[in-house]
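Undergrad: Handing over structure.cif, mmCIF, C-alpha atoms and all ligand atoms.
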```cif
data_work
loop_
_atom_site.group_PDB
_atom_site.id
_atom_site.type_symbol
_atom_site.label_atom_id
_atom_site.label_comp_id
_atom_site.auth_asym_id
_atom_site.auth_seq_id
_atom_site.Cartn_x
_atom_site.Cartn_y
_atom_site.Cartn_z
ATOM 1 C CA MET N 77 33.164 4.958 29.341
ATOM 2 C CA LEU N 78 35.749 5.427 32.076
ATOM 3 C CA THR N 79 38.573 2.981 32.717
ATOM 4 C CA ILE N 80 41.208 2.553 35.412
ATOM 5 C CA ASN N 81 44.813 2.678 34.214
ATOM 6 C CA LYS N 82 46.416 -0.248 36.041
ATOM 7 C CA GLN N 83 49.936 1.172 35.721
ATOM 8 C CA LYS N 84 48.996 4.422 37.393
ATOM 9 C CA CYS N 85 46.526 3.100 39.995
ATOM 10 C CA THR N 86 47.932 2.735 43.548
ATOM 11 C CA GLN N 87 44.823 0.914 44.802
ATOM 12 C CA CYS N 88 44.117 3.643 47.363
ATOM 13 C CA LYS N 89 40.432 3.083 46.548
ATOM 14 C CA GLN N 90 39.451 6.682 47.219
ATOM 15 C CA CYS N 91 37.539 6.674 43.932
ATOM 16 C CA GLU N 92 35.701 3.525 44.990
ATOM 17 C CA SER N 93 34.606 4.953 48.320
ATOM 18 C CA LEU N 94 33.528 8.262 46.749
ATOM 19 C CA CYS N 95 31.510 6.779 43.887
ATOM 20 C CA PRO N 96 27.793 7.622 44.417
ATOM 21 C CA THR N 97 26.600 4.642 42.365
ATOM 22 C CA LEU N 98 29.106 2.084 43.749
ATOM 23 C CA SER N 99 30.230 1.473 40.180
ATOM 24 C CA ILE N 100 33.948 1.098 40.859
ATOM 25 C CA ASP N 101 35.761 -2.071 41.842
ATOM 26 C CA VAL N 102 39.459 -1.159 41.980
ATOM 27 C CA GLN N 103 40.640 -4.650 42.797
ATOM 28 C CA LYS N 104 38.889 -6.093 39.755
ATOM 29 C CA ASN N 105 39.860 -3.009 37.724
ATOM 30 C CA ARG N 106 36.225 -2.527 36.773
ATOM 31 C CA ILE N 107 33.869 0.405 36.304
ATOM 32 C CA LEU N 108 30.272 -0.713 35.874
ATOM 33 C CA GLU N 109 27.835 0.608 33.309
ATOM 34 C CA ASN N 110 25.619 2.226 35.937
ATOM 35 C CA CYS N 111 28.288 4.958 36.267
ATOM 36 C CA ILE N 112 26.533 8.362 35.959
ATOM 37 C CA ASN N 113 29.631 10.207 34.703
ATOM 38 C CA CYS N 114 29.769 12.565 37.676
ATOM 39 C CA PHE N 115 33.578 12.227 37.482
ATOM 40 C CA HIS N 116 34.101 12.374 41.248
ATOM 41 C CA CYS N 117 36.600 9.549 40.725
ATOM 42 C CA ILE N 118 38.594 11.739 38.333
ATOM 43 C CA SER N 119 38.391 14.670 40.741
ATOM 44 C CA ILE N 120 39.867 12.694 43.633
ATOM 45 C CA CYS N 121 42.605 10.682 41.883
ATOM 46 C CA LYS N 122 46.105 12.124 42.466
ATOM 47 C CA GLU N 123 47.629 9.689 39.978
ATOM 48 C CA GLN N 124 45.184 10.617 37.200
ATOM 49 C CA ALA N 125 44.545 6.894 36.828
ATOM 50 C CA ILE N 126 40.927 7.269 35.736
ATOM 51 C CA GLU N 127 40.806 7.774 32.024
ATOM 52 C CA PRO N 128 40.185 9.607 29.772
ATOM 53 C CA ASN N 129 41.949 12.196 31.912
ATOM 54 C CA GLU N 130 41.457 14.900 29.270
ATOM 55 C CA LEU N 131 38.279 15.483 31.264
ATOM 56 C CA ILE N 132 40.378 17.253 33.904
ATOM 57 C CA LEU N 133 39.954 21.016 33.590
ATOM 58 C CA GLY N 134 42.702 21.892 36.035
ATOM 59 C CA LYS N 135 43.434 21.834 39.761
ATOM 60 C CA GLN N 136 40.511 22.785 42.014
ATOM 61 C CA ALA N 137 41.105 26.357 43.145
ATOM 62 C CA SER N 138 40.503 27.265 46.760
ATOM 63 C CA SER N 139 37.233 29.170 46.960
ATOM 64 C CA VAL N 140 37.619 32.631 45.512
ATOM 65 C CA ILE N 141 34.400 34.071 46.896
ATOM 66 C CA SER N 142 34.330 34.807 50.610
ATOM 67 C CA PRO N 143 31.136 34.162 52.607
ATOM 68 C CA LYS N 144 30.759 37.922 52.956
ATOM 69 C CA GLU N 145 30.973 38.374 49.188
ATOM 70 C CA TYR N 146 28.477 35.575 48.599
ATOM 71 C CA LYS N 147 26.066 37.141 51.064
ATOM 72 C CA THR N 148 26.446 40.459 49.225
ATOM 73 C CA LEU N 149 25.622 38.636 45.997
ATOM 74 C CA LEU N 150 22.503 37.147 47.592
ATOM 75 C CA LEU N 151 21.411 40.534 48.911
ATOM 76 C CA ASN N 152 22.116 42.390 45.677
ATOM 77 C CA ARG N 153 20.349 39.920 43.410
ATOM 78 C CA ARG N 154 16.974 41.365 42.485
ATOM 79 C CA THR N 155 14.350 40.669 39.880
ATOM 80 C CA HIS N 156 14.596 43.211 37.064
ATOM 81 C CA ARG N 157 11.546 44.338 35.130
ATOM 82 C CA ASN N 158 12.967 47.423 33.505
ATOM 83 C CA PHE N 159 15.364 46.376 30.765
ATOM 84 C CA SER N 160 17.570 48.746 28.790
ATOM 85 C CA ASP N 161 17.687 48.544 24.995
ATOM 86 C CA LYS N 162 21.259 47.295 25.165
ATOM 87 C CA ALA N 163 21.251 43.551 24.561
ATOM 88 C CA LEU N 164 23.720 40.827 25.423
ATOM 89 C CA SER N 165 25.514 39.466 22.392
ATOM 90 C CA GLN N 166 24.916 35.895 21.224
ATOM 91 C CA GLU N 167 28.482 35.097 22.327
ATOM 92 C CA GLN N 168 27.772 36.419 25.832
ATOM 93 C CA ILE N 169 24.588 34.362 26.163
ATOM 94 C CA THR N 170 26.266 31.239 24.779
ATOM 95 C CA ALA N 171 29.179 31.634 27.219
ATOM 96 C CA PHE N 172 26.721 32.235 30.082
ATOM 97 C CA ILE N 173 24.733 29.039 29.364
ATOM 98 C CA THR N 174 27.878 27.038 28.660
ATOM 99 C CA ASP N 175 29.478 28.071 31.970
ATOM 100 C CA LEU N 176 26.324 27.056 33.805
ATOM 101 C CA ARG N 177 26.655 23.471 32.557
ATOM 102 C CA HIS N 178 28.312 22.771 35.916
ATOM 103 C CA SER N 179 24.959 23.225 37.659
ATOM 104 C CA PRO N 180 23.922 19.935 39.309
ATOM 105 C CA THR N 181 21.247 17.626 37.865
ATOM 106 C CA ALA N 182 19.575 14.592 39.416
ATOM 107 C CA SER N 183 21.630 11.441 38.709
ATOM 108 C CA ASN N 184 23.798 13.710 36.577
ATOM 109 C CA SER N 185 21.149 13.343 33.854
ATOM 110 C CA ARG N 186 22.087 16.630 32.065
ATOM 111 C CA SER N 187 18.826 16.612 30.116
ATOM 112 C CA LEU N 188 18.225 20.377 30.092
ATOM 113 C CA GLU N 189 18.065 22.121 26.720
ATOM 114 C CA PHE N 190 18.018 25.840 26.050
ATOM 115 C CA THR N 191 16.305 27.988 23.465
ATOM 116 C CA VAL N 192 17.268 31.647 23.356
ATOM 117 C CA ILE N 193 14.807 34.086 21.824
ATOM 118 C CA THR N 194 16.066 37.528 20.825
ATOM 119 C CA ASN N 195 13.727 38.312 17.934
ATOM 120 C CA LYS N 196 11.714 41.354 19.085
ATOM 121 C CA GLU N 197 8.603 40.389 17.141
ATOM 122 C CA VAL N 198 8.615 36.857 18.528
ATOM 123 C CA ILE N 199 9.094 38.193 22.069
ATOM 124 C CA GLN N 200 6.139 40.531 21.539
ATOM 125 C CA HIS N 201 3.997 37.581 20.334
ATOM 126 C CA ILE N 202 5.080 35.505 23.324
ATOM 127 C CA ASN N 203 4.051 38.327 25.632
ATOM 128 C CA ASN N 204 0.612 38.717 24.053
ATOM 129 C CA LEU N 205 -0.113 35.031 23.687
ATOM 130 C CA SER N 206 0.941 34.352 27.299
ATOM 131 C CA ILE N 207 -1.437 37.043 28.557
ATOM 132 C CA ASN N 208 -4.322 35.637 26.500
ATOM 133 C CA THR N 209 -3.565 32.077 27.596
ATOM 134 C CA ILE N 210 -3.546 32.981 31.288
ATOM 135 C CA LYS N 211 -6.706 35.076 30.870
ATOM 136 C CA LYS N 212 -8.400 32.022 29.312
ATOM 137 C CA ALA N 213 -7.172 29.807 32.142
ATOM 138 C CA PHE N 214 -8.711 32.175 34.706
ATOM 139 C CA LYS N 215 -11.954 32.200 32.693
ATOM 140 C CA SER N 216 -12.115 28.409 32.476
ATOM 141 C CA ILE N 217 -11.983 28.226 36.269
ATOM 142 C CA ASN N 218 -15.307 30.144 36.406
ATOM 143 C CA GLY N 219 -17.105 27.076 35.089
ATOM 144 C CA ILE N 220 -15.792 24.753 37.822
ATOM 145 C CA SER N 221 -17.975 24.260 40.898
ATOM 146 C CA THR N 222 -16.532 25.293 44.278
ATOM 147 C CA PRO N 223 -16.150 21.780 45.784
ATOM 148 C CA VAL N 224 -14.400 20.468 42.654
ATOM 149 C CA LEU N 225 -12.097 23.461 42.496
ATOM 150 C CA GLN N 226 -11.223 23.047 46.165
ATOM 151 C CA LEU N 227 -10.372 19.444 45.481
ATOM 152 C CA LEU N 228 -8.227 20.401 42.496
ATOM 153 C CA ILE N 229 -6.172 23.253 43.902
ATOM 154 C CA GLY N 230 -6.812 23.197 47.666
ATOM 155 C CA LYS N 231 -8.676 25.567 49.966
ATOM 156 C CA LYS N 232 -5.909 28.139 50.361
ATOM 157 C CA ALA N 233 -5.280 28.556 46.623
ATOM 158 C CA MET N 234 -9.010 28.684 45.956
ATOM 159 C CA HIS N 235 -9.471 31.600 48.360
ATOM 160 C CA ALA N 236 -6.491 33.420 46.833
ATOM 161 C CA LEU N 237 -7.807 32.920 43.301
ATOM 162 C CA PRO N 238 -10.126 35.946 42.954
ATOM 163 C CA ASN N 239 -7.298 38.214 44.082
ATOM 164 C CA SER N 240 -4.745 36.651 41.709
ATOM 165 C CA LYS N 241 -7.192 36.960 38.847
ATOM 166 C CA ARG N 242 -8.021 40.595 39.646
ATOM 167 C CA ASN N 243 -4.327 41.490 39.966
ATOM 168 C CA PHE N 244 -3.442 39.748 36.717
ATOM 169 C CA LEU N 245 -6.228 41.373 34.695
ATOM 170 C CA ASN N 246 -5.489 44.763 36.214
ATOM 171 C CA LYS N 247 -1.785 44.493 35.376
ATOM 172 C CA ALA N 248 -2.497 43.202 31.856
ATOM 173 C CA GLU N 249 -4.604 46.275 31.213
ATOM 174 C CA LYS N 250 -2.107 48.788 32.624
ATOM 175 C CA LYS N 251 1.139 47.182 31.530
ATOM 176 C CA GLN N 252 1.018 45.626 28.102
ATOM 177 C CA GLN N 253 4.496 44.132 28.480
ATOM 178 C CA MET N 254 3.635 42.474 31.784
ATOM 179 C CA ILE N 255 5.175 39.123 30.800
ATOM 180 C CA THR N 256 8.342 39.972 28.903
ATOM 181 C CA TYR N 257 8.948 43.561 30.097
ATOM 182 C CA ASN N 258 10.698 44.513 26.837
ATOM 183 C CA ALA N 259 13.587 42.203 27.718
ATOM 184 C CA PRO N 260 16.012 41.833 24.795
ATOM 185 C CA ALA N 261 16.370 38.070 25.328
ATOM 186 C CA ILE N 262 14.529 35.134 26.868
ATOM 187 C CA ILE N 263 16.209 31.871 27.793
ATOM 188 C CA ILE N 264 13.704 29.021 27.727
ATOM 189 C CA VAL N 265 14.805 25.971 29.723
ATOM 190 C CA HIS N 266 13.203 22.741 28.512
ATOM 191 C CA ALA N 267 13.785 19.012 28.598
ATOM 192 C CA PRO N 268 12.318 15.828 27.161
ATOM 193 C CA LYS N 269 9.165 14.780 29.048
ATOM 194 C CA VAL N 270 9.944 11.909 31.402
ATOM 195 C CA LYS N 271 7.934 9.860 33.863
ATOM 196 C CA THR N 272 10.883 9.524 36.237
ATOM 197 C CA GLY N 273 13.794 11.835 36.973
ATOM 198 C CA MET N 274 13.657 15.396 38.261
ATOM 199 C CA PRO N 275 14.074 17.779 35.289
ATOM 200 C CA ILE N 276 11.825 20.402 36.899
ATOM 201 C CA HIS N 277 14.199 20.535 39.867
ATOM 202 C CA ASP N 278 17.239 20.553 37.569
ATOM 203 C CA ALA N 279 15.735 23.544 35.770
ATOM 204 C CA SER N 280 14.877 25.379 39.008
ATOM 205 C CA ILE N 281 18.378 24.892 40.361
ATOM 206 C CA TRP N 282 19.867 25.993 37.026
ATOM 207 C CA THR N 283 17.697 29.106 37.119
ATOM 208 C CA GLY N 284 18.743 30.011 40.670
ATOM 209 C CA MET N 285 22.396 29.580 39.812
ATOM 210 C CA ALA N 286 21.922 31.552 36.600
ATOM 211 C CA CYS N 287 20.459 34.519 38.503
ATOM 212 C CA LEU N 288 23.458 34.657 40.837
ATOM 213 C CA TYR N 289 25.970 34.202 38.034
ATOM 214 C CA ALA N 290 24.184 36.965 36.092
ATOM 215 C CA GLU N 291 24.582 39.245 39.113
ATOM 216 C CA THR N 292 28.375 38.817 39.011
ATOM 217 C CA LEU N 293 28.332 39.757 35.319
ATOM 218 C CA SER N 294 26.047 42.793 35.855
ATOM 219 C CA TYR N 295 23.326 41.139 33.758
ATOM 220 C CA ALA N 296 19.719 41.725 34.770
ATOM 221 C CA THR N 297 17.347 38.759 35.071
ATOM 222 C CA CYS N 298 13.694 38.032 35.717
ATOM 223 C CA ILE N 299 12.514 34.475 36.333
ATOM 224 C CA ASN N 300 9.277 34.117 34.422
ATOM 225 C CA GLY N 301 6.676 31.807 35.923
ATOM 226 C CA TYR N 302 3.810 33.256 33.878
ATOM 227 C CA LEU N 303 5.528 32.336 30.627
ATOM 228 C CA VAL N 304 6.158 28.766 31.801
ATOM 229 C CA ASN N 305 2.566 28.434 32.952
ATOM 230 C CA ALA N 306 1.270 29.727 29.612
ATOM 231 C CA ALA N 307 3.640 27.521 27.580
ATOM 232 C CA GLN N 308 2.464 24.454 29.455
ATOM 233 C CA ARG N 309 -1.156 25.297 28.546
ATOM 234 C CA ASN N 310 -0.799 26.480 24.968
ATOM 235 C CA LYS N 311 0.749 24.418 22.147
ATOM 236 C CA GLU N 312 0.853 27.452 19.864
ATOM 237 C CA LEU N 313 3.166 29.209 22.300
ATOM 238 C CA LYS N 314 5.449 26.183 22.409
ATOM 239 C CA GLN N 315 5.499 26.092 18.597
ATOM 240 C CA MET N 316 6.280 29.806 18.445
ATOM 241 C CA MET N 317 9.299 29.165 20.671
ATOM 242 C CA LYS N 318 10.273 26.153 18.514
ATOM 243 C CA ILE N 319 10.321 23.837 21.536
ATOM 244 C CA PRO N 320 10.415 20.168 20.389
ATOM 245 C CA VAL N 321 6.975 18.511 20.728
ATOM 246 C CA ASN N 322 8.253 15.944 23.219
ATOM 247 C CA ASN N 323 9.918 18.542 25.401
ATOM 248 C CA GLU N 324 8.385 20.322 28.345
ATOM 249 C CA VAL N 325 9.008 23.988 29.158
ATOM 250 C CA LEU N 326 10.414 24.040 32.700
ATOM 251 C CA SER N 327 11.717 27.535 33.272
ATOM 252 C CA ALA N 328 12.123 30.879 31.548
ATOM 253 C CA LEU N 329 14.579 33.653 32.259
ATOM 254 C CA LEU N 330 14.439 37.177 30.877
ATOM 255 C CA ILE N 331 17.978 38.487 30.521
ATOM 256 C CA GLY N 332 19.639 41.737 29.532
ATOM 257 C CA TYR N 333 20.893 44.889 31.209
ATOM 258 C CA SER N 334 18.842 46.884 33.676
ATOM 259 C CA ASN N 335 17.650 50.461 33.695
ATOM 260 C CA THR N 336 17.044 50.177 37.440
ATOM 261 C CA ASN N 337 19.698 50.907 40.024
ATOM 262 C CA PHE N 338 18.530 49.424 43.300
ATOM 263 C CA ILE N 339 19.986 51.470 46.167
ATOM 264 C CA HIS N 340 18.953 49.582 49.295
ATOM 265 C CA ASN N 341 19.129 45.982 50.331
ATOM 266 C CA VAL N 342 15.874 44.878 51.934
ATOM 267 C CA ASN N 343 15.118 42.401 54.669
ATOM 268 C CA ARG N 344 13.126 39.198 54.196
ATOM 269 C CA SER N 345 11.125 37.266 56.781
ATOM 270 C CA ILE N 346 13.102 34.543 58.537
ATOM 271 C CA PRO N 347 11.886 31.088 57.418
ATOM 272 C CA ASN N 348 10.656 28.453 59.859
ATOM 273 C CA ILE N 349 13.534 26.220 60.796
ATOM 274 C CA SER N 350 12.958 22.992 62.728
ATOM 275 C CA TYR N 351 15.546 20.675 64.203
ATOM 276 C CA ILE N 352 15.278 17.074 65.163
ATOM 277 C CA ASN N 353 18.241 16.571 67.455
ATOM 278 C CA ASN N 354 17.269 13.696 69.655
HETATM 279 C C1 LIG A 1 9.456 30.444 40.294
HETATM 280 C C2 LIG A 1 9.384 31.949 40.123
HETATM 281 C C3 LIG A 1 8.518 32.474 39.185
HETATM 282 C C4 LIG A 1 8.467 33.868 38.984
HETATM 283 N N1 LIG A 1 7.663 34.371 38.013
HETATM 284 C C5 LIG A 1 7.641 35.708 37.780
HETATM 285 C C6 LIG A 1 6.861 36.250 36.704
HETATM 286 O O1 LIG A 1 6.193 35.534 35.962
HETATM 287 N N2 LIG A 1 6.889 37.594 36.514
HETATM 288 C C7 LIG A 1 7.627 38.425 37.318
HETATM 289 O O2 LIG A 1 7.608 39.630 37.092
HETATM 290 N N3 LIG A 1 8.385 37.933 38.337
HETATM 291 C C8 LIG A 1 8.414 36.606 38.585
HETATM 292 N N4 LIG A 1 9.214 36.091 39.593
HETATM 293 C C9 LIG A 1 10.003 37.007 40.424
HETATM 294 C C10 LIG A 1 9.403 37.148 41.849
HETATM 295 O O3 LIG A 1 8.244 37.933 41.780
HETATM 296 C C11 LIG A 1 10.475 37.798 42.724
HETATM 297 O O4 LIG A 1 11.533 36.883 42.879
HETATM 298 C C12 LIG A 1 9.959 38.179 44.101
HETATM 299 O O5 LIG A 1 8.970 39.176 44.016
HETATM 300 C C13 LIG A 1 11.079 38.707 45.017
HETATM 301 O O6 LIG A 1 11.763 39.808 44.427
HETATM 302 P P1 LIG A 1 13.324 39.753 44.165
HETATM 303 O O7 LIG A 1 13.596 38.599 43.226
HETATM 304 O O8 LIG A 1 13.701 41.060 43.567
HETATM 305 O O9 LIG A 1 13.985 39.518 45.492
HETATM 306 C C14 LIG A 1 9.274 34.725 39.788
HETATM 307 C C15 LIG A 1 10.156 34.160 40.721
HETATM 308 C C16 LIG A 1 10.225 32.790 40.880
HETATM 309 C C17 LIG A 1 11.207 32.216 41.872
#
```
Mind turning this structure into structure tokens?
TA:
Amino acid sequence: MLTINKQKCTQCKQCESLCPTLSIDVQKNRILENCINCFHCISICKEQAIEPNELILGKQASSVISPKEYKTLLLNRRTHRNFSDKALSQEQITAFITDLRHSPTASNSRSLEFTVITNKEVIQHINNLSINTIKKAFKSINGISTPVLQLLIGKKAMHALPNSKRNFLNKAEKKQQMITYNAPAIIIVHAPKVKTGMPIHDASIWTGMACLYAETLSYATCINGYLVNAAQRNKELKQMMKIPVNNEVLSALLIGYSNTNFIHNVNRSIPNISYINN
């Protein structure tokens, strides 16, 4: 619990005006319990009057990455599906996940948990079981009548379904490692199931940030939607990955070094952008 050191506080009230949950009353020297520990108050206080001030990591540096460099990072980041045998060490992966703890979460909930799988046999099982699970899911759709299916997944997805199924089955036949691509490590992002909160968004944001951070470290990544989809359908897969029963798998990231050297940056379609100005 944070407190305001009366001796140090100059009553400038910057902390009070910055607090997202309106938890601070400087005059009454009070921080309410609905504080979400975002520590904006600590970040802004010149006098270091918000305690414990051991939470301060140092002075904020002026941005070290230029917009041009960031754009290069965005352009260079690619999905890798051709991993080299060389693996990241446990220390490297731990440091990577630990550094990414600064990724934002809704209401600063910090509920994400991480399971790292490096055991080759387990990864192989995950690959095979994911393929079988998704195959079964496609099969089970066969038994659903067209109007019900349309109601369940919408017209557009329903029309795309035969193609997705054909592509999946075709790839599964030609490429046995189509889920895990022989990656030396998988980071599974999971969190306790909740009825409120936004852990799925927390995990997506974490994953996006992780891909960019990985790029700066010359690590190769592949976000893995198939694995998440399969884990959400199959308890056995969740057990294999030792995910706690009450947790939900939210994201999966294959990580290692790449055997692919992309040479060209490619263009992407410009998204629709609307403005409401007046
Ligand atoms: C939510 C999400 C799920 C994805 N799932 C998979 C997947 O299961 N397998 C895979 O090979 N790539 C997967 N990808 C990677 C996309 O196919 C890839 O981002 C896209 O084709 C664009 O290529 P790029 O990332 O190299 O720019 C996923 C990406 C996202 C954002």
Undergrad: Find, counting all atoms listed in the file, the residue in N:Cys91, N:Leu133, N:Asn300, N:Ser138 that gets nearest to Ile120 of chain N.
TA: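 Closest candidate: N:Cys91.
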Undergrad: Selection in question (the file shown): the PyMOL selection byres (((not hetatm)) within 9 of (chain A and resi 1)). Which residues does it include, as a list in words?
TA: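 Selected by the PyMOL selection byres (((not hetatm)) within 9 of (chain A and resi 1)) here: Leu151, Asn152, Arg153, Arg154, Thr155, His156, Arg157, Met254, Ile255, Thr256, Tyr257, Ser280, Thr283, Gly284, Thr297, Cys298, Ile299, Asn300, Gly301, Tyr302, Leu303, Val304, Asn305, Ser327, Ala328, Val342 and Arg344 of chain N.
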Undergrad: Would you write out, as a ChimeraX atom specification, every residue that the PyMOL selection byres (((chain N and resi 179-181) around 10) and not hetatm) captures in this file?
TA: /N:114,175-178,182-188,273-279,281-286
Undergrad: Pull C-alpha atoms from the residues just selected and write them as a tab-separated table (two decimals), in the coordinates of the input.
TA:
```
chain	number	residue	atom	x	y	z
N	114	CYS	CA	29.77	12.56	37.68
N	175	ASP	CA	29.48	28.07	31.97
N	176	LEU	CA	26.32	27.06	33.80
N	177	ARG	CA	26.66	23.47	32.56
N	178	HIS	CA	28.31	22.77	35.92
N	182	ALA	CA	19.58	14.59	39.42
N	183	SER	CA	21.63	11.44	38.71
N	184	ASN	CA	23.80	13.71	36.58
N	185	SER	CA	21.15	13.34	33.85
N	186	ARG	CA	22.09	16.63	32.06
N	187	SER	CA	18.83	16.61	30.12
N	188	LEU	CA	18.23	20.38	30.09
N	273	GLY	CA	13.79	11.84	36.97
N	274	MET	CA	13.66	15.40	38.26
N	275	PRO	CA	14.07	17.78	35.29
N	276	ILE	CA	11.82	20.40	36.90
N	277	HIS	CA	14.20	20.54	39.87
N	278	ASP	CA	17.24	20.55	37.57
N	279	ALA	CA	15.74	23.54	35.77
N	281	ILE	CA	18.38	24.89	40.36
N	282	TRP	CA	19.87	25.99	37.03
N	283	THR	CA	17.70	29.11	37.12
N	284	GLY	CA	18.74	30.01	40.67
N	285	MET	CA	22.40	29.58	39.81
N	286	ALA	CA	21.92	31.55	36.60
```
Undergrad: What is the distance between atom CA of Leu94 of chain N and atom CA of His116 of chain N, in Å to one decimal?
TA: 6.9 Å
Undergrad: So how far away is atom CA of Asn129 of chain N from atom CA of Lys104 of chain N, in Å?
TA: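 Those two atoms sit 20.1 Å apart.
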Undergrad: Of the residues N:Gln226, N:Ser216, N:Thr191, N:Asn246, which is the one nearest to His266 of chain N, using all atoms listed in the file?
TA: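 Of N:Gln226, N:Ser216, N:Thr191, N:Asn246, the one nearest His266 of chain N is N:Thr191, counting all atoms listed in the file.
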Undergrad: Set up a box along x, y and z of the file covering all listed atoms of segment 149-156 of chain N, add 6 Å on every one of the six sides, and write the centre and edge lengths in Å to one decimal, as JSON.
TA:
```
{"center_x": 20.0, "center_y": 40.2, "center_z": 43.0, "size_x": 23.3, "size_y": 18.1, "size_z": 23.8}
```
Undergrad: Please enumerate the residues selected by the PyMOL selection byres (((chain N and resi 106) around 12) and not hetatm) when evaluated against the supplied file, formatted as a PyMOL selection string.
TA: chain N and resi 77-82+91-92+98-105+107-111+126
Undergrad: Counting all atoms listed in the file, figure out which residue out of N:Lys250, N:Ser142, N:Asn310, N:Gln168 gets nearest to Ile210 of chain N.
TA: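 Once distances to Ile210 of chain N are computed over all atoms listed in the file, the minimum belongs to N:Asn310.
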Undergrad: Measuring atom to atom with only C-alpha atoms, identify which of N:Phe214, N:Tyr295, N:Phe338, N:Phe190 is nearest to Phe244 of chain N.
TA: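 That would be N:Phe214, the residue with the smallest distance to Phe244 of chain N.
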Undergrad: When you draw a straight line from atom CA of Leu164 of chain N to atom CA of Ile193 of chain N, how long is it in Å?
TA: 11.7 Å
Undergrad: Measuring atom to atom with only C-alpha atoms, identify which of N:Val321, N:Ile202, N:Leu131, N:Cys117 is nearest to Lys269 of chain N.
TA: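 So, comparing all the options, the nearest one is N:Val321.
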